[in-house]
file entry21.txt (compact mmCIF, C-alpha atoms)
# COMPACT_ATOMS: atom_id res chain seq x y z
CA MET A 1 17.85 -55.66 49.83
CA ILE A 2 18.37 -58.36 52.41
CA PHE A 3 21.11 -57.45 54.89
CA ILE A 4 22.67 -60.17 57.05
CA HIS A 5 24.79 -59.12 60.02
CA GLY A 6 28.22 -60.54 60.76
CA GLY A 7 29.76 -61.78 63.96
CA GLY A 8 31.80 -64.87 63.17
CA TRP A 9 28.78 -67.16 63.60
CA ILE A 10 28.89 -66.63 67.38
CA ASP A 11 28.07 -62.97 67.99
CA GLY A 12 26.10 -60.04 66.62
CA ASN A 13 22.49 -59.22 65.94
CA LYS A 14 20.50 -57.33 63.36
CA GLU A 15 19.83 -54.38 65.65
CA SER A 16 23.55 -53.60 65.91
CA ARG A 17 23.72 -52.94 62.15
CA ILE A 18 20.81 -50.54 61.71
CA ASN A 19 23.17 -47.66 60.82
CA TYR A 20 24.46 -49.65 57.83
CA LEU A 21 20.99 -49.60 56.33
CA PHE A 22 20.28 -45.86 56.36
CA PRO A 23 21.99 -45.07 53.02
CA TYR A 24 19.81 -47.66 51.27
CA LEU A 25 16.64 -46.51 53.01
CA GLN A 26 17.41 -42.89 52.13
CA ARG A 27 17.51 -43.95 48.46
CA GLY A 28 14.06 -45.50 48.78
CA TRP A 29 15.12 -49.14 48.87
CA ASN A 30 13.12 -51.80 50.66
CA VAL A 31 15.47 -53.36 53.20
CA VAL A 32 14.98 -56.51 55.25
CA ASN A 33 17.39 -56.75 58.17
CA ALA A 34 17.86 -60.49 58.73
CA GLU A 35 18.63 -62.43 61.89
CA TYR A 36 19.97 -65.97 62.19
CA ARG A 37 20.86 -68.44 64.93
CA LEU A 38 24.33 -68.17 66.43
CA GLY A 39 26.74 -70.40 68.32
CA LYS A 40 27.44 -74.10 68.31
CA GLY A 41 25.46 -75.94 65.71
CA THR A 42 24.93 -72.83 63.60
CA ALA A 43 25.08 -74.83 60.39
CA PRO A 44 22.69 -75.60 58.83
CA ASP A 45 20.29 -73.65 61.08
CA ALA A 46 21.60 -70.26 59.99
CA VAL A 47 20.98 -71.09 56.33
CA THR A 48 17.48 -72.26 57.21
CA ASP A 49 16.88 -68.97 59.02
CA ILE A 50 17.92 -66.95 55.97
CA GLN A 51 15.78 -69.14 53.71
CA ASN A 52 12.89 -68.31 56.04
CA VAL A 53 13.64 -64.64 55.38
CA PHE A 54 13.27 -65.36 51.66
CA LYS A 55 9.96 -67.12 52.35
CA TRP A 56 8.74 -64.13 54.39
CA ILE A 57 9.70 -61.78 51.56
CA ALA A 58 7.82 -63.93 49.04
CA GLU A 59 4.73 -64.06 51.27
CA ASN A 60 4.79 -60.31 51.92
CA ALA A 61 5.95 -58.99 48.55
CA ALA A 62 2.65 -57.30 47.71
CA ASN A 63 2.29 -55.65 51.14
CA TYR A 64 5.79 -54.14 51.11
CA TYR A 65 6.28 -53.68 47.35
CA PHE A 66 9.21 -56.11 47.11
CA ASP A 67 10.42 -56.75 43.58
CA LEU A 68 11.03 -60.50 43.54
CA ASP A 69 12.84 -60.20 40.21
CA SER A 70 15.52 -57.91 41.61
CA VAL A 71 16.82 -58.78 45.07
CA LEU A 72 20.22 -57.74 46.38
CA VAL A 73 21.70 -59.63 49.33
CA SER A 74 24.48 -58.16 51.43
CA GLY A 75 26.04 -58.50 54.82
CA GLU A 76 29.35 -58.62 56.54
CA SER A 77 31.65 -61.47 57.49
CA ALA A 78 29.47 -64.46 58.46
CA GLY A 79 26.51 -62.58 56.99
CA ASP A 80 28.28 -62.39 53.63
CA HIS A 81 29.03 -66.08 53.79
CA LEU A 82 25.34 -66.73 54.36
CA ALA A 83 24.47 -64.42 51.49
CA LEU A 84 26.74 -66.31 49.11
CA PHE A 85 25.58 -69.70 50.33
CA THR A 86 21.94 -68.67 50.10
CA ARG A 87 22.45 -67.58 46.50
CA PHE A 88 23.63 -71.07 45.59
CA TYR A 89 20.76 -72.66 47.47
CA ASN A 90 18.23 -70.33 45.90
CA ILE A 91 18.86 -71.60 42.37
CA LEU A 92 17.76 -75.15 43.22
CA PRO A 93 14.33 -75.96 41.79
CA ASP A 94 13.34 -77.88 44.95
CA ASN A 95 13.84 -74.72 47.00
CA PRO A 96 10.41 -73.17 47.61
CA CYS A 97 11.84 -69.68 46.96
CA HIS A 98 13.83 -70.48 43.81
CA PHE A 99 11.70 -67.97 41.88
CA ILE A 100 13.15 -65.03 43.84
CA LYS A 101 15.85 -63.60 41.59
CA VAL A 102 18.99 -62.59 43.44
CA LYS A 103 20.50 -60.02 41.08
CA ALA A 104 23.56 -59.21 43.16
CA ILE A 105 25.46 -60.03 46.30
CA VAL A 106 27.57 -57.37 47.94
CA ASN A 107 30.28 -59.21 49.85
CA TRP A 108 32.03 -56.78 52.16
CA PHE A 109 34.45 -59.21 53.80
CA GLY A 110 32.90 -62.64 53.95
CA ILE A 111 34.35 -66.04 53.18
CA SER A 112 34.22 -66.27 49.42
CA GLU A 113 36.04 -69.41 48.28
CA LEU A 114 32.92 -71.44 47.81
CA GLU A 115 33.89 -73.69 44.91
CA LYS A 116 33.14 -76.87 46.87
CA VAL A 117 29.76 -75.49 47.92
CA TYR A 118 28.98 -74.49 44.34
CA ASN A 119 29.99 -77.92 43.03
CA HIS A 120 27.80 -79.60 45.66
CA PHE A 121 24.75 -77.64 44.57
CA ARG A 122 25.55 -78.02 40.88
CA ASN A 123 25.73 -81.81 41.35
CA ARG A 124 22.50 -81.75 43.36
CA MET A 125 20.77 -79.83 40.57
CA GLU A 126 21.96 -82.40 38.04
CA ARG A 127 20.57 -85.24 40.20
CA ILE A 128 17.23 -83.41 40.46
CA ARG A 129 17.12 -82.97 36.69
CA LEU A 130 17.86 -86.66 36.15
CA VAL A 131 15.09 -87.69 38.54
CA GLU A 132 12.62 -85.32 36.86
CA LYS A 133 13.61 -86.62 33.43
CA SER A 134 13.20 -90.25 34.50
CA GLN A 135 9.75 -89.46 35.92
CA ARG A 136 8.73 -87.78 32.66
CA ASP A 137 10.02 -90.72 30.64
CA LYS A 138 7.85 -93.22 32.53
call {"tool": "encode", "arguments": {"input": "entry21.txt", "output": "structure tokens"}}
result
Amino acid sequence: MIFIHGGGWIDGNKESRINYLFPYLQRGWNVVNAEYRLGKGTAPDAVTDIQNVFKWIAENAANYYFDLDSVLVSGESAGDHLALFTRFYNILPDNPCHFIKVKAIVNWFGISELEKVYNHFRNRMERIRLVEKSQRDK
């Protein structure tokens, strides 16, 4: 599980949420407690930070026994928003971590009306497919 702390994009840190992780750890889960940049200019830096967490997981999967085919992402508030956004980003084939399978997102109380974000990424995927097809057709 990847856990992303909340704080309204301006406050909070991963250390303040350690107690949230104990139930998962007690069940034998591997848990990565993620940190991201806060404050003015958070976007897109916070998404980049979480994508770097995905990269770290991919690079260290064997050492920590991460199952890249079954990742759960959770958080709270801004952390949930990042979890949802990261899920959309992670399906893009040009994302270096697209092979990590996010099986579930547990959204405790994050922003969840992401239709415009979803449509943006869906359109981007279609453009990528068209470019790949045109390159194959050459």
call {"tool": "closest_residue", "arguments": {"input": "entry21.txt", "among": "A:Asp67, A:Asp11, A:Glu35, A:Asp80", "to": "Val106 (chain A)", "atoms": "all atoms listed in the file"}}
result
A:Asp80
call {"tool": "atom_distance", "arguments": {"input": "entry21.txt", "atom1": "CA of Phe66 (chain A)", "atom2": "CA of Gly12 (chain A)"}}
result
26.1 Å
call {"tool": "closest_residue", "arguments": {"input": "entry21.txt", "among": "A:Val71, A:Tyr89, A:His5, A:Ala62", "to": "Met125 (chain A)", "atoms": "all atoms listed in the file"}}
result
A:Tyr89
call {"tool": "closest_residue", "arguments": {"input": "entry21.txt", "among": "A:Arg17, A:Phe85, A:Asn107, A:Ile100", "to": "Asn119 (chain A)", "atoms": "all atoms listed in the file"}}
result
A:Phe85
call {"tool": "atom_distance", "arguments": {"input": "entry21.txt", "atom1": "CA of Lys101 (chain A)", "atom2": "CA of Ser70 (chain A)"}}
result
5.7 Å
call {"tool": "residues_around", "arguments": {"input": "entry21.txt", "residues": "region 22-34 of chain A", "least_positions_apart": "4", "cutoff": "7 Å", "atoms": "all atoms listed in the file", "output": "ChimeraX atom specification"}}
result
/A:1-4,14,53,66
call {"tool": "decode", "arguments": {"input": "entry21.txt", "residues": "chain A", "atoms": "C-alpha atoms", "output": "PDB file, in the first residue's frame"}}
result
ATOM      1  CA  MET A   1       0.000   0.000   0.000  1.00  0.00           C
ATOM      2  CA  ILE A   2       1.079   3.544  -0.717  1.00  0.00           C
ATOM      3  CA  PHE A   3      -0.268   5.997   1.856  1.00  0.00           C
ATOM      4  CA  ILE A   4      -0.298   9.726   1.074  1.00  0.00           C
ATOM      5  CA  HIS A   5      -0.902  12.158   3.932  1.00  0.00           C
ATOM      6  CA  GLY A   6      -3.386  15.007   3.761  1.00  0.00           C
ATOM      7  CA  GLY A   7      -3.094  18.625   4.756  1.00  0.00           C
ATOM      8  CA  GLY A   8      -4.873  20.714   2.149  1.00  0.00           C
ATOM      9  CA  TRP A   9      -1.746  20.943  -0.020  1.00  0.00           C
ATOM     10  CA  ILE A  10      -0.148  23.327   2.493  1.00  0.00           C
ATOM     11  CA  ASP A  11       0.406  21.341   5.683  1.00  0.00           C
ATOM     12  CA  GLY A  12       1.136  17.865   6.995  1.00  0.00           C
ATOM     13  CA  ASN A  13       3.884  15.303   6.670  1.00  0.00           C
ATOM     14  CA  LYS A  14       4.191  11.555   6.462  1.00  0.00           C
ATOM     15  CA  GLU A  15       5.487  11.205  10.018  1.00  0.00           C
ATOM     16  CA  SER A  16       2.252  12.619  11.449  1.00  0.00           C
ATOM     17  CA  ARG A  17       0.265   9.708   9.965  1.00  0.00           C
ATOM     18  CA  ILE A  18       2.315   6.749  11.190  1.00  0.00           C
ATOM     19  CA  ASN A  19      -0.520   5.580  13.477  1.00  0.00           C
ATOM     20  CA  TYR A  20      -2.800   5.196  10.442  1.00  0.00           C
ATOM     21  CA  LEU A  21      -0.461   2.557   9.056  1.00  0.00           C
ATOM     22  CA  PHE A  22      -0.291   0.173  12.018  1.00  0.00           C
ATOM     23  CA  PRO A  23      -3.441  -1.828  11.150  1.00  0.00           C
ATOM     24  CA  TYR A  24      -2.022  -2.587   7.691  1.00  0.00           C
ATOM     25  CA  LEU A  25       1.421  -3.434   9.023  1.00  0.00           C
ATOM     26  CA  GLN A  26      -0.113  -5.728  11.648  1.00  0.00           C
ATOM     27  CA  ARG A  27      -1.772  -7.649   8.800  1.00  0.00           C
ATOM     28  CA  GLY A  28       1.589  -8.116   7.100  1.00  0.00           C
ATOM     29  CA  TRP A  29       1.146  -5.540   4.350  1.00  0.00           C
ATOM     30  CA  ASN A  30       4.061  -3.701   2.790  1.00  0.00           C
ATOM     31  CA  VAL A  31       3.379  -0.002   3.313  1.00  0.00           C
ATOM     32  CA  VAL A  32       5.149   2.966   1.756  1.00  0.00           C
ATOM     33  CA  ASN A  33       4.429   6.222   3.568  1.00  0.00           C
ATOM     34  CA  ALA A  34       4.737   8.912   0.891  1.00  0.00           C
ATOM     35  CA  GLU A  35       5.773  12.547   1.156  1.00  0.00           C
ATOM     36  CA  TYR A  36       5.175  15.328  -1.353  1.00  0.00           C
ATOM     37  CA  ARG A  37       5.972  19.022  -1.733  1.00  0.00           C
ATOM     38  CA  LEU A  38       3.597  21.477  -0.083  1.00  0.00           C
ATOM     39  CA  GLY A  39       2.644  25.119  -0.465  1.00  0.00           C
ATOM     40  CA  LYS A  40       2.478  27.499  -3.374  1.00  0.00           C
ATOM     41  CA  GLY A  41       3.228  25.828  -6.653  1.00  0.00           C
ATOM     42  CA  THR A  42       2.326  22.378  -5.338  1.00  0.00           C
ATOM     43  CA  ALA A  43       0.952  21.324  -8.709  1.00  0.00           C
ATOM     44  CA  PRO A  44       2.415  19.596 -10.606  1.00  0.00           C
ATOM     45  CA  ASP A  45       5.322  19.001  -8.199  1.00  0.00           C
ATOM     46  CA  ALA A  46       3.249  16.930  -5.777  1.00  0.00           C
ATOM     47  CA  VAL A  47       2.186  14.563  -8.564  1.00  0.00           C
ATOM     48  CA  THR A  48       5.814  14.259  -9.659  1.00  0.00           C
ATOM     49  CA  ASP A  49       6.776  13.414  -6.078  1.00  0.00           C
ATOM     50  CA  ILE A  50       4.199  10.627  -5.903  1.00  0.00           C
ATOM     51  CA  GLN A  51       5.285   9.313  -9.297  1.00  0.00           C
ATOM     52  CA  ASN A  52       8.799   9.171  -7.860  1.00  0.00           C
ATOM     53  CA  VAL A  53       7.388   7.000  -5.071  1.00  0.00           C
ATOM     54  CA  PHE A  54       6.062   4.643  -7.764  1.00  0.00           C
ATOM     55  CA  LYS A  55       9.509   4.620  -9.400  1.00  0.00           C
ATOM     56  CA  TRP A  56      11.150   3.828  -6.054  1.00  0.00           C
ATOM     57  CA  ILE A  57       8.703   0.970  -5.503  1.00  0.00           C
ATOM     58  CA  ALA A  58       9.445  -0.429  -8.964  1.00  0.00           C
ATOM     59  CA  GLU A  59      13.207  -0.192  -8.400  1.00  0.00           C
ATOM     60  CA  ASN A  60      12.999  -1.806  -4.957  1.00  0.00           C
ATOM     61  CA  ALA A  61      10.248  -4.377  -5.507  1.00  0.00           C
ATOM     62  CA  ALA A  62      12.539  -7.379  -5.155  1.00  0.00           C
ATOM     63  CA  ASN A  63      14.248  -6.079  -1.993  1.00  0.00           C
ATOM     64  CA  TYR A  64      10.987  -5.372  -0.157  1.00  0.00           C
ATOM     65  CA  TYR A  65       8.742  -8.026  -1.750  1.00  0.00           C
ATOM     66  CA  PHE A  66       6.367  -5.526  -3.358  1.00  0.00           C
ATOM     67  CA  ASP A  67       3.734  -7.086  -5.595  1.00  0.00           C
ATOM     68  CA  LEU A  68       3.645  -4.734  -8.589  1.00  0.00           C
ATOM     69  CA  ASP A  69       0.475  -6.415  -9.836  1.00  0.00           C
ATOM     70  CA  SER A  70      -1.503  -5.517  -6.733  1.00  0.00           C
ATOM     71  CA  VAL A  71      -0.928  -2.036  -5.337  1.00  0.00           C
ATOM     72  CA  LEU A  72      -3.418  -0.176  -3.178  1.00  0.00           C
ATOM     73  CA  VAL A  73      -3.113   3.599  -2.862  1.00  0.00           C
ATOM     74  CA  SER A  74      -4.747   5.492  -0.021  1.00  0.00           C
ATOM     75  CA  GLY A  75      -4.504   8.746   1.818  1.00  0.00           C
ATOM     76  CA  GLU A  76      -6.581  11.503   3.233  1.00  0.00           C
ATOM     77  CA  SER A  77      -7.804  14.790   1.816  1.00  0.00           C
ATOM     78  CA  ALA A  78      -5.076  16.151  -0.486  1.00  0.00           C
ATOM     79  CA  GLY A  79      -3.397  12.752  -0.267  1.00  0.00           C
ATOM     80  CA  ASP A  80      -6.538  11.100  -1.626  1.00  0.00           C
ATOM     81  CA  HIS A  81      -6.664  13.609  -4.430  1.00  0.00           C
ATOM     82  CA  LEU A  82      -3.082  12.715  -5.306  1.00  0.00           C
ATOM     83  CA  ALA A  83      -3.949   9.024  -5.122  1.00  0.00           C
ATOM     84  CA  LEU A  84      -6.814   9.448  -7.579  1.00  0.00           C
ATOM     85  CA  PHE A  85      -4.808  11.669  -9.895  1.00  0.00           C
ATOM     86  CA  THR A  86      -1.849   9.302  -9.808  1.00  0.00           C
ATOM     87  CA  ARG A  87      -4.112   6.408 -10.789  1.00  0.00           C
ATOM     88  CA  PHE A  88      -5.141   8.252 -13.938  1.00  0.00           C
ATOM     89  CA  TYR A  89      -1.549   9.164 -14.725  1.00  0.00           C
ATOM     90  CA  ASN A  90      -0.351   5.631 -14.108  1.00  0.00           C
ATOM     91  CA  ILE A  91      -2.393   4.159 -16.964  1.00  0.00           C
ATOM     92  CA  LEU A  92      -0.600   6.241 -19.601  1.00  0.00           C
ATOM     93  CA  PRO A  93       1.836   4.161 -21.649  1.00  0.00           C
ATOM     94  CA  ASP A  94       4.415   6.989 -21.671  1.00  0.00           C
ATOM     95  CA  ASN A  95       4.543   6.884 -17.871  1.00  0.00           C
ATOM     96  CA  PRO A  96       7.645   4.896 -16.865  1.00  0.00           C
ATOM     97  CA  CYS A  97       5.663   3.141 -14.113  1.00  0.00           C
ATOM     98  CA  HIS A  98       2.550   2.279 -16.135  1.00  0.00           C
ATOM     99  CA  PHE A  99       3.210  -1.425 -15.502  1.00  0.00           C
ATOM    100  CA  ILE A 100       2.485  -1.046 -11.772  1.00  0.00           C
ATOM    101  CA  LYS A 101      -1.104  -2.204 -11.349  1.00  0.00           C
ATOM    102  CA  VAL A 102      -3.115  -0.068  -8.961  1.00  0.00           C
ATOM    103  CA  LYS A 103      -5.851  -2.470  -7.883  1.00  0.00           C
ATOM    104  CA  ALA A 104      -7.670  -0.100  -5.550  1.00  0.00           C
ATOM    105  CA  ILE A 105      -7.769   3.402  -4.184  1.00  0.00           C
ATOM    106  CA  VAL A 106      -9.184   4.003  -0.732  1.00  0.00           C
ATOM    107  CA  ASN A 107     -10.439   7.579  -0.732  1.00  0.00           C
ATOM    108  CA  TRP A 108     -11.198   8.625   2.828  1.00  0.00           C
ATOM    109  CA  PHE A 109     -12.252  12.210   2.150  1.00  0.00           C
ATOM    110  CA  GLY A 110     -10.403  13.535  -0.853  1.00  0.00           C
ATOM    111  CA  ILE A 111     -11.613  15.543  -3.811  1.00  0.00           C
ATOM    112  CA  SER A 112     -13.227  12.997  -6.068  1.00  0.00           C
ATOM    113  CA  GLU A 113     -14.960  14.776  -8.944  1.00  0.00           C
ATOM    114  CA  LEU A 114     -12.203  14.185 -11.415  1.00  0.00           C
ATOM    115  CA  GLU A 115     -14.125  13.853 -14.667  1.00  0.00           C
ATOM    116  CA  LYS A 116     -12.161  16.655 -16.346  1.00  0.00           C
ATOM    117  CA  VAL A 117      -8.884  15.104 -15.226  1.00  0.00           C
ATOM    118  CA  TYR A 118      -9.988  11.699 -16.487  1.00  0.00           C
ATOM    119  CA  ASN A 119     -11.057  13.153 -19.839  1.00  0.00           C
ATOM    120  CA  HIS A 120      -7.715  14.944 -20.167  1.00  0.00           C
ATOM    121  CA  PHE A 121      -5.790  11.714 -19.687  1.00  0.00           C
ATOM    122  CA  ARG A 122      -8.156   9.716 -21.871  1.00  0.00           C
ATOM    123  CA  ASN A 123      -7.631  12.242 -24.689  1.00  0.00           C
ATOM    124  CA  ARG A 124      -3.877  12.161 -24.109  1.00  0.00           C
ATOM    125  CA  MET A 125      -3.896   8.363 -24.359  1.00  0.00           C
ATOM    126  CA  GLU A 126      -5.801   8.574 -27.631  1.00  0.00           C
ATOM    127  CA  ARG A 127      -3.227  11.040 -29.029  1.00  0.00           C
ATOM    128  CA  ILE A 128      -0.403   8.703 -27.970  1.00  0.00           C
ATOM    129  CA  ARG A 129      -2.116   5.771 -29.686  1.00  0.00           C
ATOM    130  CA  LEU A 130      -2.562   7.799 -32.877  1.00  0.00           C
ATOM    131  CA  VAL A 131       1.111   8.794 -32.903  1.00  0.00           C
ATOM    132  CA  GLU A 132       2.191   5.187 -32.300  1.00  0.00           C
ATOM    133  CA  LYS A 133      -0.112   3.971 -35.069  1.00  0.00           C
ATOM    134  CA  SER A 134       1.193   6.558 -37.535  1.00  0.00           C
ATOM    135  CA  GLN A 135       4.779   5.553 -36.711  1.00  0.00           C
ATOM    136  CA  ARG A 136       3.950   1.879 -37.291  1.00  0.00           C
ATOM    137  CA  ASP A 137       2.238   2.694 -40.576  1.00  0.00           C
ATOM    138  CA  LYS A 138       5.334   4.438 -41.978  1.00  0.00           C
TER     139      LYS A 138
END
